[in-house]
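S.K.: Below is one structure. I have some questions about it.
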Amino acid sequence: MVPTTSETVSPKLSPLHDRHVALGAKMADFGGWDMPIEYPAGGVVAEHTAVRERVGIFDVSHLGKASVKGPGAADFVNSCFTNDLRRISPGQAQYTLCCDESGGVVDDLIVYLKADDDVFLIPNAANTAEVVRRLEAAAPTGIEITNLHDAYGIVAVQGTKSDEVLDALGLPTGHDYMSFAEADWEGHPVIVCRTGYTGERGYELVPRWDDTPALWDALTEAIAPYDGKPCGLGARDTLRTEMGYPLHGQDLSRDISPVQARAGWAVGWKKDAFWGKDALLAEKANPTRLSRGLLVTGRGIPRPHCTVSKEGAQVGEVTSGTFSPTLRQGIALALLDPDLSEGDAVEIDVRGRSVAAQVVKPPFVQVQVRES
């Protein structure tokens, strides 16, 4: 029974909630936020295709925002998270992981390095408070951690026409992948970062919370000449799964380490210290399971927690599974025994039915991303 007392927790609303409702979006809880899953003009497949072929815009304002400021802020963040901030310079962004001492993933996030004393973080919605708490507990005197979750919105512009859309608004384009520019849009500050979660060329715009609706409206007009679409989190999930990108809570978690998720490329193994380093080094030498892709060769759509078997013996479990609108077949990410190899034939238990699949290396879809 759903409680009807004051104990009921209402979902948080993005600054664009009214826009989504007006468009007739199907809304659902995502990380404690009421977010659009799909819109009525075509649904997930049409939105997915718009991004792969043209352009789409996503409200991802539910993602967290936080700042770390003070002398040595970048060095402090570098001593906490897995990736090595010394690999990038101010004006660049970096994917990294916040781990606990056992090597489990508390969150995966993007770090914007503004300056040695100014770092901006974008964690996942449900994990923001915990990431901030851990940083606050570890921060030395002079380092200030601020939770800015409701201070900024985020709109992702993704697809082959994303540059043209931003050009129409007078926003900067053409900067290198994983770099950002601090811009002015009609007198309002906005960060424009060349990042995304779709595999396509694109940008993530970070305006102030109250400026987000006007920016969304302008983007909605700018995508119209390209038959672009507002896209919900359903299409965001199918797009990222086609690229093999992990989702925290499914492919990464307190129980699924960077080693298991094959995210070791986001770990600065030679750094002096980061949270969970000793445990991850030990696991790296002898992993017990590894994430791989599964391409369904039979008929069926795998879902999280479906068991995977080979010749009758269980060899793993699906972490993310979906129907690929591009390939028109089922795909999955799964944690499998480390001795399995690409090309191996396996079976996935989909609702009690054995579905044939093949072990592959993601991405499942090859995209042509314009580099300049």
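In the structure tokens, the first chain shown is A, the next is B, and so on; residue numbers restart at 1 for each chain, and ligands run from 1 in the order shown.
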Would you write out, as CSV, a table of all residues in segment 216-331 of chain A that have an atom no more than 10 Å from an atom of segment 80-93 of chain A, listing for each the closest atom pair and the distance in Å to one decimal, considering only C-alpha atoms and ordering rows by chain and rising residue number?
M.R.:
residue,atom,partner,partner_atom,distance
A:Pro258,CA,A:Thr82,CA,9.3
A:Gly264,CA,A:Asn83,CA,9.1
A:Trp265,CA,A:Asn83,CA,8.2
A:Ala266,CA,A:Asn83,CA,5.0
A:Val267,CA,A:Asn83,CA,4.4
A:Gly268,CA,A:Asn83,CA,4.7
A:Trp269,CA,A:Thr82,CA,8.0
A:Lys270,CA,A:Asp84,CA,8.8
A:Lys271,CA,A:Asp84,CA,7.0
A:Ala273,CA,A:Cys80,CA,7.5
A:Phe274,CA,A:Cys80,CA,4.6
A:Trp275,CA,A:Cys80,CA,5.3
A:Gly276,CA,A:Thr82,CA,8.3
A:Lys277,CA,A:Thr82,CA,7.9
S.K.: Dump all heavy atoms for the selected residues as a short mmCIF file (atom, residue, chain, number, x, y, z; two decimals), in the first residue's frame?
M.R.:
data_model
loop_
_atom_site.label_atom_id
_atom_site.label_comp_id
_atom_site.auth_asym_id
_atom_site.auth_seq_id
_atom_site.Cartn_x
_atom_site.Cartn_y
_atom_site.Cartn_z
N PRO A 258 34.70 -0.97 -10.93
CA PRO A 258 35.21 -0.58 -12.24
C PRO A 258 35.94 -1.71 -12.96
O PRO A 258 35.90 -1.78 -14.19
CB PRO A 258 36.18 0.56 -11.91
CG PRO A 258 35.73 1.09 -10.60
CD PRO A 258 35.17 -0.08 -9.86
N GLY A 264 38.26 0.20 -16.32
CA GLY A 264 39.61 0.49 -15.84
C GLY A 264 40.27 1.65 -16.55
O GLY A 264 41.19 2.26 -16.02
N TRP A 265 39.79 1.97 -17.76
CA TRP A 265 40.33 3.12 -18.50
C TRP A 265 40.05 4.44 -17.76
O TRP A 265 40.72 5.44 -18.01
CB TRP A 265 39.73 3.17 -19.90
CG TRP A 265 38.22 3.29 -19.90
CD1 TRP A 265 37.32 2.28 -19.91
CD2 TRP A 265 37.46 4.50 -19.87
NE1 TRP A 265 36.03 2.76 -19.89
CE2 TRP A 265 36.10 4.13 -19.86
CE3 TRP A 265 37.79 5.85 -19.85
CZ2 TRP A 265 35.06 5.07 -19.84
CZ3 TRP A 265 36.77 6.80 -19.82
CH2 TRP A 265 35.42 6.40 -19.82
N ALA A 266 39.08 4.43 -16.84
CA ALA A 266 38.74 5.62 -16.06
C ALA A 266 39.37 5.58 -14.68
O ALA A 266 38.91 6.26 -13.75
CB ALA A 266 37.22 5.77 -15.95
N VAL A 267 40.40 4.78 -14.52
CA VAL A 267 41.11 4.66 -13.25
C VAL A 267 42.57 5.06 -13.46
O VAL A 267 43.24 4.54 -14.35
CB VAL A 267 41.04 3.22 -12.70
CG1 VAL A 267 41.83 3.11 -11.39
CG2 VAL A 267 39.59 2.79 -12.49
N GLY A 268 43.04 5.98 -12.64
CA GLY A 268 44.45 6.39 -12.69
C GLY A 268 45.27 5.45 -11.82
O GLY A 268 45.61 5.78 -10.68
N TRP A 269 45.58 4.30 -12.36
CA TRP A 269 46.22 3.24 -11.56
C TRP A 269 47.55 3.67 -10.95
O TRP A 269 47.94 3.17 -9.89
CB TRP A 269 46.44 2.00 -12.43
CG TRP A 269 45.18 1.38 -12.93
CD1 TRP A 269 44.67 1.43 -14.19
CD2 TRP A 269 44.24 0.62 -12.17
NE1 TRP A 269 43.48 0.75 -14.27
CE2 TRP A 269 43.20 0.23 -13.04
CE3 TRP A 269 44.18 0.22 -10.83
CZ2 TRP A 269 42.11 -0.53 -12.63
CZ3 TRP A 269 43.09 -0.55 -10.41
CH2 TRP A 269 42.07 -0.91 -11.29
N LYS A 270 48.23 4.63 -11.57
CA LYS A 270 49.54 5.06 -11.08
C LYS A 270 49.46 6.22 -10.09
O LYS A 270 50.49 6.66 -9.58
CB LYS A 270 50.44 5.43 -12.26
CG LYS A 270 50.76 4.25 -13.17
CD LYS A 270 51.68 4.66 -14.31
CE LYS A 270 51.98 3.47 -15.23
NZ LYS A 270 52.88 3.86 -16.35
N LYS A 271 48.27 6.71 -9.81
CA LYS A 271 48.12 7.80 -8.84
C LYS A 271 48.52 7.32 -7.46
O LYS A 271 48.37 6.13 -7.11
CB LYS A 271 46.67 8.29 -8.79
CG LYS A 271 46.22 9.06 -10.00
CD LYS A 271 44.98 9.92 -9.70
CE LYS A 271 43.82 9.15 -9.12
NZ LYS A 271 42.66 10.02 -8.88
N ALA A 273 47.01 7.93 -4.68
CA ALA A 273 45.87 7.50 -3.86
C ALA A 273 44.56 7.89 -4.52
O ALA A 273 44.47 8.88 -5.25
CB ALA A 273 45.95 8.14 -2.47
N PHE A 274 43.55 7.09 -4.30
CA PHE A 274 42.15 7.42 -4.57
C PHE A 274 41.32 6.42 -3.79
O PHE A 274 41.80 5.35 -3.39
CB PHE A 274 41.81 7.40 -6.07
CG PHE A 274 42.09 6.08 -6.77
CD1 PHE A 274 41.16 5.04 -6.76
CD2 PHE A 274 43.29 5.88 -7.44
CE1 PHE A 274 41.42 3.84 -7.40
CE2 PHE A 274 43.56 4.68 -8.09
CZ PHE A 274 42.62 3.66 -8.07
N TRP A 275 40.07 6.77 -3.54
CA TRP A 275 39.22 5.91 -2.73
C TRP A 275 39.06 4.54 -3.40
O TRP A 275 38.69 4.42 -4.56
CB TRP A 275 37.85 6.54 -2.55
CG TRP A 275 37.88 7.81 -1.74
CD1 TRP A 275 38.84 8.21 -0.86
CD2 TRP A 275 36.90 8.85 -1.76
NE1 TRP A 275 38.52 9.42 -0.32
CE2 TRP A 275 37.34 9.84 -0.83
CE3 TRP A 275 35.69 9.06 -2.43
CZ2 TRP A 275 36.62 11.02 -0.60
CZ3 TRP A 275 34.96 10.21 -2.19
CH2 TRP A 275 35.41 11.18 -1.29
N GLY A 276 39.36 3.48 -2.65
CA GLY A 276 39.20 2.12 -3.15
C GLY A 276 40.39 1.57 -3.91
O GLY A 276 40.32 0.46 -4.46
N LYS A 277 41.51 2.30 -3.94
CA LYS A 277 42.65 1.89 -4.78
C LYS A 277 43.16 0.50 -4.42
O LYS A 277 43.36 -0.34 -5.32
CB LYS A 277 43.77 2.91 -4.68
CG LYS A 277 45.00 2.53 -5.53
CD LYS A 277 46.12 3.54 -5.43
CE LYS A 277 47.31 3.14 -6.29
NZ LYS A 277 48.43 4.10 -6.20
#
S.K.: Go through segment 180-290 of chain A and flag each residue having an atom no more than 7 Å from segment 142-153 of chain A; for those, report the closest pair of atoms plus their distance in Å to one decimal, using only C-alpha atoms, ordered by chain and rising number, as a tab-separated table.
M.R.:
residue	atom	partner	partner_atom	distance
A:Val206	CA	A:Gly153	CA	5.8
A:Pro207	CA	A:Gly153	CA	5.6
A:Arg208	CA	A:Tyr152	CA	4.3
A:Trp209	CA	A:Tyr152	CA	4.1
A:Thr212	CA	A:Gly153	CA	5.8
S.K.: Taking only C-alpha atoms into account, which of A:Gly31, A:Gly330, A:Pro189, A:Gly104 comes nearest Lys12 of chain A?
M.R.: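 Nearest candidate to Lys12 of chain A out of A:Gly31, A:Gly330, A:Pro189, A:Gly104: A:Gly31.
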S.K.: Would you work out the distance separating atom CA of Glu311 of chain A from atom CA of Val346 of chain A, expressed in Å to one decimal?
M.R.: 7.4 Å
S.K.: From the set A:Arg19, A:Arg240, A:Lys310, A:Arg289, which residue has the shortest atom-to-atom contact distance to Ile331 of chain A, counting only C-alpha atoms?
M.R.: A:Arg240
